[in-house]
>>> print(open('input27.cif').read())   # mmCIF, C-alpha atoms and all ligand atoms
data_final
loop_
_atom_site.group_PDB
_atom_site.id
_atom_site.type_symbol
_atom_site.label_atom_id
_atom_site.label_comp_id
_atom_site.auth_asym_id
_atom_site.auth_seq_id
_atom_site.Cartn_x
_atom_site.Cartn_y
_atom_site.Cartn_z
ATOM 1 C CA MET A 1 -17.474 -3.337 23.392
ATOM 2 C CA SER A 2 -13.889 -4.457 22.964
ATOM 3 C CA GLU A 3 -11.732 -2.082 25.044
ATOM 4 C CA ASP A 4 -8.632 -3.567 23.416
ATOM 5 C CA THR A 5 -9.233 -2.214 19.949
ATOM 6 C CA ALA A 6 -9.124 1.153 18.268
ATOM 7 C CA ALA A 7 -9.829 2.618 14.831
ATOM 8 C CA LEU A 8 -8.078 5.587 13.233
ATOM 9 C CA VAL A 9 -9.730 7.947 10.760
ATOM 10 C CA LEU A 10 -7.219 10.230 9.050
ATOM 11 C CA GLY A 11 -8.528 13.402 7.385
ATOM 12 C CA ALA A 12 -11.564 13.256 9.618
ATOM 13 C CA SER A 13 -13.578 16.369 8.836
ATOM 14 C CA GLY A 14 -14.759 15.402 5.327
ATOM 15 C CA GLY A 15 -18.169 14.095 4.309
ATOM 16 C CA LEU A 16 -17.122 10.462 3.907
ATOM 17 C CA ALA A 17 -14.877 10.547 6.982
ATOM 18 C CA GLN A 18 -17.715 11.774 9.195
ATOM 19 C CA ALA A 19 -19.975 8.932 8.099
ATOM 20 C CA ILE A 20 -17.152 6.405 8.538
ATOM 21 C CA ILE A 21 -16.556 7.707 12.078
ATOM 22 C CA GLY A 22 -20.284 7.194 12.800
ATOM 23 C CA GLU A 23 -20.149 3.623 11.466
ATOM 24 C CA LEU A 24 -16.999 2.766 13.448
ATOM 25 C CA MET A 25 -18.436 4.313 16.642
ATOM 26 C CA ALA A 26 -21.448 2.006 16.277
ATOM 27 C CA ASP A 27 -19.281 -1.115 15.878
ATOM 28 C CA PRO A 28 -19.221 -3.106 19.149
ATOM 29 C CA GLU A 29 -15.885 -4.671 18.104
ATOM 30 C CA ILE A 30 -14.172 -1.261 18.229
ATOM 31 C CA GLY A 31 -13.392 0.254 21.620
ATOM 32 C CA THR A 32 -12.059 3.694 20.669
ATOM 33 C CA VAL A 33 -12.283 5.799 17.526
ATOM 34 C CA ILE A 34 -9.493 8.323 16.965
ATOM 35 C CA ALA A 35 -10.102 11.073 14.410
ATOM 36 C CA ILE A 36 -7.251 13.175 12.998
ATOM 37 C CA SER A 37 -7.827 16.388 11.099
ATOM 38 C CA ARG A 38 -6.529 19.831 10.177
ATOM 39 C CA SER A 39 -9.701 21.252 11.753
ATOM 40 C CA ALA A 40 -11.321 21.285 15.161
ATOM 41 C CA ALA A 41 -13.974 18.623 15.855
ATOM 42 C CA PRO A 42 -17.332 19.555 14.332
ATOM 43 C CA GLU A 43 -20.229 20.031 16.805
ATOM 44 C CA ASN A 44 -22.192 17.043 15.482
ATOM 45 C CA VAL A 45 -19.133 14.775 15.335
ATOM 46 C CA SER A 46 -21.219 11.741 16.288
ATOM 47 C CA ALA A 47 -24.879 11.349 16.976
ATOM 48 C CA GLY A 48 -24.429 9.512 20.307
ATOM 49 C CA THR A 49 -23.013 10.694 23.608
ATOM 50 C CA VAL A 50 -19.679 8.917 23.103
ATOM 51 C CA LYS A 51 -17.341 10.991 20.989
ATOM 52 C CA PRO A 52 -14.179 10.015 19.127
ATOM 53 C CA ILE A 53 -10.812 11.208 20.379
ATOM 54 C CA TRP A 54 -10.147 14.177 18.097
ATOM 55 C CA ILE A 55 -6.575 15.268 17.311
ATOM 56 C CA GLU A 56 -5.794 18.389 15.306
ATOM 57 C CA THR A 57 -2.592 18.493 13.264
ATOM 58 C CA GLU A 58 -0.902 19.977 10.242
ATOM 59 C CA TYR A 59 0.165 17.472 7.596
ATOM 60 C CA THR A 60 3.900 18.123 7.736
ATOM 61 C CA GLU A 61 5.961 15.017 8.454
ATOM 62 C CA PRO A 62 7.219 16.290 11.874
ATOM 63 C CA ALA A 63 3.658 17.177 12.972
ATOM 64 C CA MET A 64 2.359 13.795 11.795
ATOM 65 C CA ALA A 65 5.217 12.009 13.585
ATOM 66 C CA ALA A 66 4.244 13.872 16.792
ATOM 67 C CA VAL A 67 0.651 12.593 16.403
ATOM 68 C CA VAL A 68 1.919 9.026 15.990
ATOM 69 C CA GLU A 69 4.030 9.484 19.146
ATOM 70 C CA GLN A 70 0.887 10.664 20.972
ATOM 71 C CA LEU A 71 -0.823 7.403 19.919
ATOM 72 C CA GLN A 72 1.825 5.080 21.407
ATOM 73 C CA SER A 73 -0.587 3.771 24.052
ATOM 74 C CA PHE A 74 -2.682 2.300 21.191
ATOM 75 C CA ALA A 75 0.261 0.301 19.750
ATOM 76 C CA GLY A 76 -0.887 -3.175 18.721
ATOM 77 C CA ARG A 77 -4.548 -2.324 19.387
ATOM 78 C CA ILE A 78 -5.454 -0.562 16.125
ATOM 79 C CA THR A 79 -7.643 -2.824 13.999
ATOM 80 C CA ARG A 80 -8.989 -0.297 11.434
ATOM 81 C CA VAL A 81 -7.397 2.649 9.662
ATOM 82 C CA VAL A 82 -9.279 4.724 7.107
ATOM 83 C CA ILE A 83 -7.327 7.349 5.164
ATOM 84 C CA CYS A 84 -9.755 9.918 3.790
ATOM 85 C CA HIS A 85 -7.550 12.705 2.418
ATOM 86 C CA GLY A 86 -8.397 13.966 -1.022
ATOM 87 C CA ILE A 87 -8.907 17.156 -2.997
ATOM 88 C CA LEU A 88 -10.436 17.577 -6.441
ATOM 89 C CA HIS A 89 -11.099 21.317 -6.399
ATOM 90 C CA SER A 90 -10.545 24.261 -4.082
ATOM 91 C CA GLU A 91 -10.759 28.044 -4.189
ATOM 92 C CA THR A 92 -7.568 28.074 -6.222
ATOM 93 C CA LEU A 93 -7.753 24.911 -8.329
ATOM 94 C CA TRP A 94 -10.188 23.162 -10.626
ATOM 95 C CA PRO A 95 -9.935 19.803 -12.456
ATOM 96 C CA GLU A 96 -8.276 20.339 -15.829
ATOM 97 C CA LYS A 97 -10.348 19.948 -19.008
ATOM 98 C CA ARG A 98 -7.488 20.489 -21.469
ATOM 99 C CA LEU A 99 -3.712 20.806 -21.728
ATOM 100 C CA GLU A 100 -3.737 24.570 -21.192
ATOM 101 C CA ASP A 101 -5.322 24.081 -17.740
ATOM 102 C CA ILE A 102 -2.369 22.075 -16.374
ATOM 103 C CA SER A 103 -0.341 23.988 -13.767
ATOM 104 C CA ALA A 104 2.638 22.968 -11.669
ATOM 105 C CA GLU A 105 1.121 24.536 -8.526
ATOM 106 C CA ALA A 106 -2.143 22.627 -8.852
ATOM 107 C CA LEU A 107 -0.331 19.355 -9.592
ATOM 108 C CA GLN A 108 1.819 19.819 -6.492
ATOM 109 C CA SER A 109 -1.130 20.646 -4.180
ATOM 110 C CA VAL A 110 -3.231 17.746 -5.413
ATOM 111 C CA PHE A 111 -0.368 15.242 -5.210
ATOM 112 C CA GLN A 112 0.523 16.498 -1.730
ATOM 113 C CA ALA A 113 -3.008 15.934 -0.370
ATOM 114 C CA ASN A 114 -3.975 12.833 -2.354
ATOM 115 C CA THR A 115 -0.713 10.885 -2.499
ATOM 116 C CA VAL A 116 2.009 12.242 -0.217
ATOM 117 C CA VAL A 117 -0.037 12.647 2.980
ATOM 118 C CA PRO A 118 -1.578 9.123 2.853
ATOM 119 C CA VAL A 119 1.821 7.554 2.159
ATOM 120 C CA LEU A 120 3.489 9.462 5.015
ATOM 121 C CA TRP A 121 0.826 8.137 7.409
ATOM 122 C CA LEU A 122 1.573 4.566 6.348
ATOM 123 C CA LYS A 123 5.316 5.200 6.686
ATOM 124 C CA LEU A 124 4.868 6.619 10.206
ATOM 125 C CA LEU A 125 2.216 4.213 11.495
ATOM 126 C CA HIS A 126 3.728 0.821 10.701
ATOM 127 C CA ARG A 127 5.145 0.142 14.192
ATOM 128 C CA LEU A 128 1.842 1.066 15.840
ATOM 129 C CA LEU A 129 -0.093 -1.259 13.528
ATOM 130 C CA LYS A 130 2.147 -4.309 14.025
ATOM 131 C CA SER A 131 0.279 -6.772 16.219
ATOM 132 C CA LYS A 132 -1.146 -10.260 16.586
ATOM 133 C CA GLN A 133 -4.597 -8.836 15.809
ATOM 134 C CA ARG A 134 -5.775 -8.390 12.222
ATOM 135 C CA CYS A 135 -5.728 -4.793 11.070
ATOM 136 C CA VAL A 136 -7.363 -3.518 7.886
ATOM 137 C CA VAL A 137 -6.295 -0.227 6.303
ATOM 138 C CA ALA A 138 -8.438 1.422 3.632
ATOM 139 C CA ALA A 139 -7.264 4.443 1.669
ATOM 140 C CA LEU A 140 -9.945 6.334 -0.222
ATOM 141 C CA SER A 141 -8.785 6.280 -3.817
ATOM 142 C CA ALA A 142 -11.015 6.637 -6.901
ATOM 143 C CA ARG A 143 -11.913 4.683 -10.023
ATOM 144 C CA VAL A 144 -10.561 7.571 -12.114
ATOM 145 C CA GLY A 145 -7.112 6.570 -10.815
ATOM 146 C CA SER A 146 -7.363 3.392 -12.903
ATOM 147 C CA ILE A 147 -5.037 3.684 -15.911
ATOM 148 C CA GLY A 148 -6.847 0.871 -17.742
ATOM 149 C CA ASP A 149 -10.242 2.483 -17.167
ATOM 150 C CA ASN A 150 -9.225 5.946 -18.420
ATOM 151 C CA HIS A 151 -11.148 6.459 -21.654
ATOM 152 C CA LEU A 152 -12.292 10.043 -21.088
ATOM 153 C CA GLY A 153 -9.075 11.927 -20.245
ATOM 154 C CA GLY A 154 -9.079 15.239 -18.361
ATOM 155 C CA TRP A 155 -8.738 15.715 -14.576
ATOM 156 C CA TYR A 156 -4.965 15.298 -14.976
ATOM 157 C CA ALA A 157 -3.932 16.075 -11.404
ATOM 158 C CA TYR A 158 -6.689 14.147 -9.611
ATOM 159 C CA ARG A 159 -6.459 11.059 -11.847
ATOM 160 C CA SER A 160 -2.715 10.815 -11.715
ATOM 161 C CA SER A 161 -2.513 11.521 -7.954
ATOM 162 C CA LYS A 162 -4.882 8.576 -7.369
ATOM 163 C CA ALA A 163 -2.944 6.350 -9.825
ATOM 164 C CA ALA A 164 0.218 7.293 -7.904
ATOM 165 C CA LEU A 165 -1.572 6.579 -4.624
ATOM 166 C CA ASN A 166 -2.480 3.110 -5.939
ATOM 167 C CA MET A 167 1.133 2.407 -6.915
ATOM 168 C CA MET A 168 2.348 3.622 -3.519
ATOM 169 C CA LEU A 169 -0.208 1.394 -1.764
ATOM 170 C CA ARG A 170 0.807 -1.593 -3.870
ATOM 171 C CA THR A 171 4.462 -1.007 -3.030
ATOM 172 C CA LEU A 172 3.635 -0.486 0.666
ATOM 173 C CA SER A 173 1.576 -3.691 0.669
ATOM 174 C CA ILE A 174 4.604 -5.666 -0.464
ATOM 175 C CA GLU A 175 6.774 -4.247 2.342
ATOM 176 C CA TYR A 176 3.977 -4.495 4.928
ATOM 177 C CA GLY A 177 3.516 -8.106 3.763
ATOM 178 C CA ARG A 178 7.090 -8.767 4.937
ATOM 179 C CA ARG A 179 7.267 -6.512 8.008
ATOM 180 C CA VAL A 180 3.704 -5.933 9.284
ATOM 181 C CA LYS A 181 2.043 -9.197 8.319
ATOM 182 C CA ASN A 182 -1.178 -8.589 10.284
ATOM 183 C CA VAL A 183 -2.166 -5.684 8.002
ATOM 184 C CA LYS A 184 -4.327 -5.796 4.866
ATOM 185 C CA ILE A 185 -4.429 -2.676 2.666
ATOM 186 C CA ILE A 186 -7.399 -1.755 0.454
ATOM 187 C CA SER A 187 -7.520 1.015 -2.128
ATOM 188 C CA PHE A 188 -11.212 1.917 -2.079
ATOM 189 C CA HIS A 189 -13.459 3.647 -4.626
ATOM 190 C CA PRO A 190 -16.564 4.930 -2.842
ATOM 191 C CA GLY A 191 -18.591 5.702 -5.965
ATOM 192 C CA THR A 192 -19.894 9.226 -6.498
ATOM 193 C CA THR A 193 -20.935 10.285 -3.026
ATOM 194 C CA ASP A 194 -22.786 13.399 -1.929
ATOM 195 C CA THR A 195 -20.002 15.418 -0.271
ATOM 196 C CA ALA A 196 -18.350 18.820 -0.822
ATOM 197 C CA LEU A 197 -15.808 17.132 -3.123
ATOM 198 C CA SER A 198 -18.395 15.956 -5.674
ATOM 199 C CA LYS A 199 -20.894 18.838 -5.249
ATOM 200 C CA PRO A 200 -19.949 20.784 -8.398
ATOM 201 C CA PHE A 201 -20.129 17.601 -10.546
ATOM 202 C CA GLN A 202 -23.371 16.072 -9.296
ATOM 203 C CA ALA A 203 -25.718 17.544 -11.929
ATOM 204 C CA SER A 204 -24.831 14.863 -14.504
ATOM 205 C CA VAL A 205 -25.046 11.980 -11.999
ATOM 206 C CA PRO A 206 -28.354 10.028 -11.985
ATOM 207 C CA SER A 207 -29.889 10.129 -8.485
ATOM 208 C CA ASP A 208 -29.563 6.345 -8.013
ATOM 209 C CA LYS A 209 -25.805 6.652 -8.719
ATOM 210 C CA LEU A 210 -25.240 9.416 -6.161
ATOM 211 C CA PHE A 211 -24.635 7.684 -2.844
ATOM 212 C CA THR A 212 -25.083 9.016 0.659
ATOM 213 C CA PRO A 213 -21.911 9.014 2.776
ATOM 214 C CA GLU A 214 -23.718 6.732 5.270
ATOM 215 C CA PHE A 215 -24.404 4.086 2.589
ATOM 216 C CA VAL A 216 -20.760 4.122 1.486
ATOM 217 C CA ALA A 217 -19.479 4.025 5.092
ATOM 218 C CA GLU A 218 -21.582 0.941 5.782
ATOM 219 C CA ARG A 219 -20.298 -0.768 2.609
ATOM 220 C CA LEU A 220 -16.678 0.084 3.371
ATOM 221 C CA CYS A 221 -16.849 -1.101 6.980
ATOM 222 C CA GLY A 222 -18.512 -4.358 5.836
ATOM 223 C CA ILE A 223 -15.724 -4.903 3.284
ATOM 224 C CA MET A 224 -13.053 -4.188 5.922
ATOM 225 C CA ASN A 225 -14.693 -6.612 8.368
ATOM 226 C CA GLU A 226 -14.573 -9.428 5.792
ATOM 227 C CA ALA A 227 -11.177 -8.713 4.190
ATOM 228 C CA GLU A 228 -8.652 -11.533 4.217
ATOM 229 C CA ILE A 229 -5.156 -10.709 5.517
ATOM 230 C CA ASP A 230 -3.296 -11.828 2.396
ATOM 231 C CA GLY A 231 -0.380 -9.372 2.085
ATOM 232 C CA GLN A 232 -1.862 -8.040 -1.188
ATOM 233 C CA LEU A 233 -3.327 -4.686 -2.112
ATOM 234 C CA SER A 234 -6.963 -4.904 -3.230
ATOM 235 C CA TYR A 235 -8.418 -2.135 -5.432
ATOM 236 C CA LEU A 236 -12.131 -2.382 -4.712
ATOM 237 C CA ASP A 237 -15.281 -0.394 -5.291
ATOM 238 C CA TRP A 238 -18.198 0.147 -2.897
ATOM 239 C CA ASP A 239 -19.772 -3.097 -4.217
ATOM 240 C CA ASN A 240 -16.632 -5.092 -3.263
ATOM 241 C CA LYS A 241 -15.801 -5.551 -6.978
ATOM 242 C CA SER A 242 -12.185 -5.355 -8.164
ATOM 243 C CA ILE A 243 -11.226 -2.401 -10.358
ATOM 244 C CA PRO A 244 -8.631 -2.905 -13.141
ATOM 245 C CA TRP A 245 -5.324 -1.140 -12.499
HETATM 246 N N1 LIG B 301 -17.205 12.115 -2.894
HETATM 247 C C1 LIG B 301 -16.960 11.397 -3.973
HETATM 248 O O1 LIG B 301 -17.796 11.318 -4.906
HETATM 249 C C2 LIG B 301 -15.681 10.622 -4.104
HETATM 250 C C3 LIG B 301 -15.518 9.771 -5.224
HETATM 251 C C4 LIG B 301 -14.320 9.058 -5.360
HETATM 252 C C5 LIG B 301 -13.335 9.177 -4.394
HETATM 253 N N2 LIG B 301 -13.521 10.024 -3.323
HETATM 254 C C6 LIG B 301 -12.433 10.136 -2.348
HETATM 255 O O2 LIG B 301 -12.923 10.015 -1.028
HETATM 256 C C7 LIG B 301 -12.088 10.775 -0.126
HETATM 257 C C8 LIG B 301 -12.947 11.617 0.814
HETATM 258 O O3 LIG B 301 -13.598 12.601 0.043
HETATM 259 P P1 LIG B 301 -14.976 13.306 0.483
HETATM 260 O O4 LIG B 301 -15.904 13.054 -0.620
HETATM 261 O O5 LIG B 301 -15.329 12.965 1.861
HETATM 262 O O6 LIG B 301 -14.521 14.837 0.349
HETATM 263 P P2 LIG B 301 -14.472 16.024 1.396
HETATM 264 O O7 LIG B 301 -15.709 16.091 2.198
HETATM 265 O O8 LIG B 301 -14.081 17.226 0.596
HETATM 266 O O9 LIG B 301 -13.265 15.597 2.367
HETATM 267 C C9 LIG B 301 -11.942 15.796 1.962
HETATM 268 C C10 LIG B 301 -10.976 15.185 2.940
HETATM 269 O O10 LIG B 301 -9.646 15.473 2.535
HETATM 270 C C11 LIG B 301 -8.894 16.067 3.584
HETATM 271 N N3 LIG B 301 -8.163 17.200 2.993
HETATM 272 C C12 LIG B 301 -8.670 18.289 2.371
HETATM 273 N N4 LIG B 301 -7.686 19.090 1.948
HETATM 274 C C13 LIG B 301 -6.521 18.490 2.321
HETATM 275 C C14 LIG B 301 -5.152 18.826 2.185
HETATM 276 N N5 LIG B 301 -4.774 19.962 1.576
HETATM 277 N N6 LIG B 301 -4.228 17.968 2.672
HETATM 278 C C15 LIG B 301 -4.592 16.824 3.277
HETATM 279 N N7 LIG B 301 -5.880 16.457 3.466
HETATM 280 C C16 LIG B 301 -6.821 17.279 2.981
HETATM 281 C C17 LIG B 301 -9.885 16.531 4.633
HETATM 282 O O11 LIG B 301 -9.335 16.203 5.903
HETATM 283 P P3 LIG B 301 -9.204 17.243 7.135
HETATM 284 O O12 LIG B 301 -10.133 16.725 8.172
HETATM 285 O O13 LIG B 301 -7.790 17.178 7.579
HETATM 286 O O14 LIG B 301 -9.583 18.601 6.618
HETATM 287 C C18 LIG B 301 -11.138 15.694 4.334
HETATM 288 O O15 LIG B 301 -11.258 14.553 5.113
HETATM 289 C C19 LIG B 301 -11.109 11.550 -1.001
HETATM 290 O O16 LIG B 301 -9.881 10.857 -1.064
HETATM 291 C C20 LIG B 301 -11.759 11.512 -2.371
HETATM 292 O O17 LIG B 301 -10.821 11.624 -3.416
HETATM 293 C C21 LIG B 301 -14.668 10.741 -3.152
#
>>> encode(input="input27.cif", output="C-alpha cells", more="lines below")
Ligand SMILES: NC(=O)c1ccc[n+]([C@@H]2O[C@H](COP(=O)([O-])OP(=O)(O)OC[C@H]3O[C@@H](n4cnc5c(N)ncnc54)[C@H](OP(=O)(O)O)[C@@H]3O)[C@@H](O)[C@H]2O)c1
Amino acid sequence: MSEDTAALVLGASGGLAQAIIGELMADPEIGTVIAISRSAAPENVSAGTVKPIWIETEYTEPAMAAVVEQLQSFAGRITRVVICHGILHSETLWPEKRLEDISAEALQSVFQANTVVPVLWLKLLHRLLKSKQRCVVAALSARVGSIGDNHLGGWYAYRSSKAALNMMLRTLSIEYGRRVKNVKIISFHPGTTDTALSKPFQASVPSDKLFTPEFVAERLCGIMNEAEIDGQLSYLDWDNKSIPW
C-alpha cells in the first residue's frame, strides 16, 4: 500500500459513492480514503476491517472550507477525487414533465446540490491537489446534461444543473490546466445505476441496462487509473466513450 497517497470521496453516503469507496479501499496504490458527507458513517461503510476517514459537514462554503483546512496534512498526496453529489427527486421535488411543473424553489435546490456544491469543492481544494503526483478528479454528471443529446425534453432542473456542471468543469479545467497542472478532470456518466436516485425510474429500464453500483465503481476507477493528464475536461460514460456536449 502506498502510504503517500489519499483519495477523497465527496458526498459519500450515496449508492454510487459507497461502491466507489469500496473500490478505492481495495486499491493498493491508495493509502487512505477520506469520505465526506452530510451524514454519519453508515455501519457497513466498507466490507473490510480498514475504514475510510469519515468527515461530516454541511455544504455551506465556510463549513466546506473548514473541512479543507482539516485536510491540510494530505496536501500534495491526494491522487483521486470523486464528487458524487446529485439530486433528482426528494420529498419535496420531482423531475418536471411539463412547463407547469417548473418551480423556482426546485430549480434552486437542484442547482445547489448538483452544480454549486461540486464547484465549491473544486474552488476550495485546488491548493491541496497541487503536487508532482498525478491526480484525477471525477465529478458524477449525467448523459441527460448533454445539450446535443437532448431529444426528449423534460427534467428541466436536473438536465440543466448537469449541463451547468459540465460548463463549470470545462471552465475549471482550463484554469486548473494553468495553475494545477497535475490534475485531470472527468465529467462522468455512470449509466442508469441501481441506487435511491434512480429507484422510481427503473421500471422502464431493461435489466441489462441497469447497472450495479459496484460495476460502475470498477469502471470509473479503471478510467481514472488510465486517464492522461492533458489539461482538458473529458465527458465520458461508464464505457469510457465520449459524450457529445
Ligand atoms: N443512479 C443513476 O442512475 C445515475 C445516473 C446518472 C448520474 N448519476 C449521478 O451520480 C451521482 C450519485 O448518485 P447516486 O445514484 O449514488 O444517488 P444517491 O444514492 O441518491 O446519492 C446522492 C448523493 O448526493 C449527495 N446529496 C444528496 N442531497 C444533497 C444535497 N442537498 N446537497 C449536496 N449533496 C447532496 C449525497 O451525499 P451525502 O453523503 O452528503 O448525503 C449522496 O452522495 C449523482 O450526481 C447523480 O446525478 C446517477
>>> resolve_selection(input="input27.cif", expression="the PyMOL selection byres (((not hetatm)) within 6 of (chain B and resi 301))", output="mmCIF file with C-alpha atoms, in the coordinates of the input")
data_model
loop_
_atom_site.group_PDB
_atom_site.id
_atom_site.type_symbol
_atom_site.label_atom_id
_atom_site.label_comp_id
_atom_site.auth_asym_id
_atom_site.auth_seq_id
_atom_site.Cartn_x
_atom_site.Cartn_y
_atom_site.Cartn_z
ATOM 1 C CA GLY A 11 -8.528 13.402 7.385
ATOM 2 C CA ALA A 12 -11.564 13.256 9.618
ATOM 3 C CA SER A 13 -13.578 16.369 8.836
ATOM 4 C CA GLY A 14 -14.759 15.402 5.327
ATOM 5 C CA GLY A 15 -18.169 14.095 4.309
ATOM 6 C CA LEU A 16 -17.122 10.462 3.907
ATOM 7 C CA ALA A 17 -14.877 10.547 6.982
ATOM 8 C CA SER A 37 -7.827 16.388 11.099
ATOM 9 C CA ARG A 38 -6.529 19.831 10.177
ATOM 10 C CA SER A 39 -9.701 21.252 11.753
ATOM 11 C CA CYS A 84 -9.755 9.918 3.790
ATOM 12 C CA HIS A 85 -7.550 12.705 2.418
ATOM 13 C CA GLY A 86 -8.397 13.966 -1.022
ATOM 14 C CA ILE A 87 -8.907 17.156 -2.997
ATOM 15 C CA ALA A 113 -3.008 15.934 -0.370
ATOM 16 C CA LEU A 140 -9.945 6.334 -0.222
ATOM 17 C CA SER A 141 -8.785 6.280 -3.817
ATOM 18 C CA ALA A 142 -11.015 6.637 -6.901
ATOM 19 C CA HIS A 189 -13.459 3.647 -4.626
ATOM 20 C CA PRO A 190 -16.564 4.930 -2.842
ATOM 21 C CA GLY A 191 -18.591 5.702 -5.965
ATOM 22 C CA THR A 192 -19.894 9.226 -6.498
ATOM 23 C CA THR A 193 -20.935 10.285 -3.026
ATOM 24 C CA ASP A 194 -22.786 13.399 -1.929
ATOM 25 C CA THR A 195 -20.002 15.418 -0.271
ATOM 26 C CA ALA A 196 -18.350 18.820 -0.822
ATOM 27 C CA LEU A 197 -15.808 17.132 -3.123
ATOM 28 C CA SER A 198 -18.395 15.956 -5.674
#
>>> axis_aligned_box(input="input27.cif", around="stretch 64-76 of chain A", padding_each_side="5 Å", output="AutoDock Vina command-line options")
--center_x 1.3 --center_y 5.3 --center_z 17.9 --size_x 17.9 --size_y 27.0 --size_z 22.3
>>> atom_distance(input="input27.cif", atom1="atom CA of A:Leu128", atom2="atom CA of A:Leu71")
8.0 Å
>>> closest_residue(input="input27.cif", among="A:Val116, A:Ile55, A:Leu99, A:Leu210", to="A:Ile36", atoms="only C-alpha atoms")
A:Ile55
>>> atom_distance(input="input27.cif", atom1="atom CA of A:Val183", atom2="atom CA of A:Gly76")
11.1 Å
>>> atom_distance(input="input27.cif", atom1="atom CA of A:Val9", atom2="atom CA of A:Ala63")
16.4 Å
>>> residues_around(input="input27.cif", residues="A:Thr60", least_positions_apart="5", cutoff="12 Å", atoms="only C-alpha atoms", output="count of residues only")
12
>>> resolve_selection(input="input27.cif", expression="the PyMOL selection byres (((chain A and resi 236) around 9) and not hetatm)", output="JSON, numbers by chain")
{"A": [143, 186, 187, 188, 189, 190, 234, 235, 237, 238, 239, 240, 241, 242, 243]}
>>> resolve_selection(input="input27.cif", expression="the PyMOL selection byres (((chain A and resi 184) around 9) and not hetatm)", output="list in words")
Arg134, Cys135, Val136, Val137, Ala138, Ser173, Tyr176, Gly177, Lys181, Asn182, Val183, Ile185, Ile186, Met224, Ala227, Glu228, Ile229, Asp230, Gly231, Gln232, Leu233 and Ser234 of chain A
>>> residues_around(input="input27.cif", residues="A:Val110", least_positions_apart="5", cutoff="8 Å", atoms="only C-alpha atoms", output="mmCIF file with C-alpha atoms, in the frame of the given file")
data_model
loop_
_atom_site.group_PDB
_atom_site.id
_atom_site.type_symbol
_atom_site.label_atom_id
_atom_site.label_comp_id
_atom_site.auth_asym_id
_atom_site.auth_seq_id
_atom_site.Cartn_x
_atom_site.Cartn_y
_atom_site.Cartn_z
ATOM 1 C CA GLY A 86 -8.397 13.966 -1.022
ATOM 2 C CA ILE A 87 -8.907 17.156 -2.997
ATOM 3 C CA LEU A 88 -10.436 17.577 -6.441
ATOM 4 C CA THR A 115 -0.713 10.885 -2.499
ATOM 5 C CA ALA A 157 -3.932 16.075 -11.404
ATOM 6 C CA TYR A 158 -6.689 14.147 -9.611
ATOM 7 C CA SER A 161 -2.513 11.521 -7.954
#
>>> closest_residue(input="input27.cif", among="A:Glu105, A:His89, A:His151, A:Glu218", to="A:Lys199", atoms="all atoms listed in the file")
A:His89
>>> residues_around(input="input27.cif", residues="A:Pro244", least_positions_apart="6", cutoff="7 Å", atoms="all atoms listed in the file", output="ChimeraX atom specification")
/A:146,148-149
>>> closest_residue(input="input27.cif", among="A:Leu93, A:Ile83, A:Ala7, A:Ile223", to="A:Leu107", atoms="all atoms listed in the file")
A:Leu93
>>> closest_residue(input="input27.cif", among="A:Pro62, A:Tyr156, A:Thr79, A:Val180", to="A:Glu100", atoms="all atoms listed in the file")
A:Tyr156
>>> residues_around(input="input27.cif", residues="A:Val119", least_positions_apart="4", cutoff="8 Å", atoms="all atoms listed in the file", output="list of chain:residue names")
A:Thr115, A:Lys123, A:Leu165, A:Met168, A:Leu169
>>> closest_residue(input="input27.cif", among="A:Glu175, A:Leu125, A:Phe211, A:Met167", to="A:Glu69", atoms="only C-alpha atoms")
A:Leu125
>>> closest_residue(input="input27.cif", among="A:Arg80, A:Lys209, A:Arg179, A:Lys97", to="A:Gly153", atoms="only C-alpha atoms")
A:Lys97
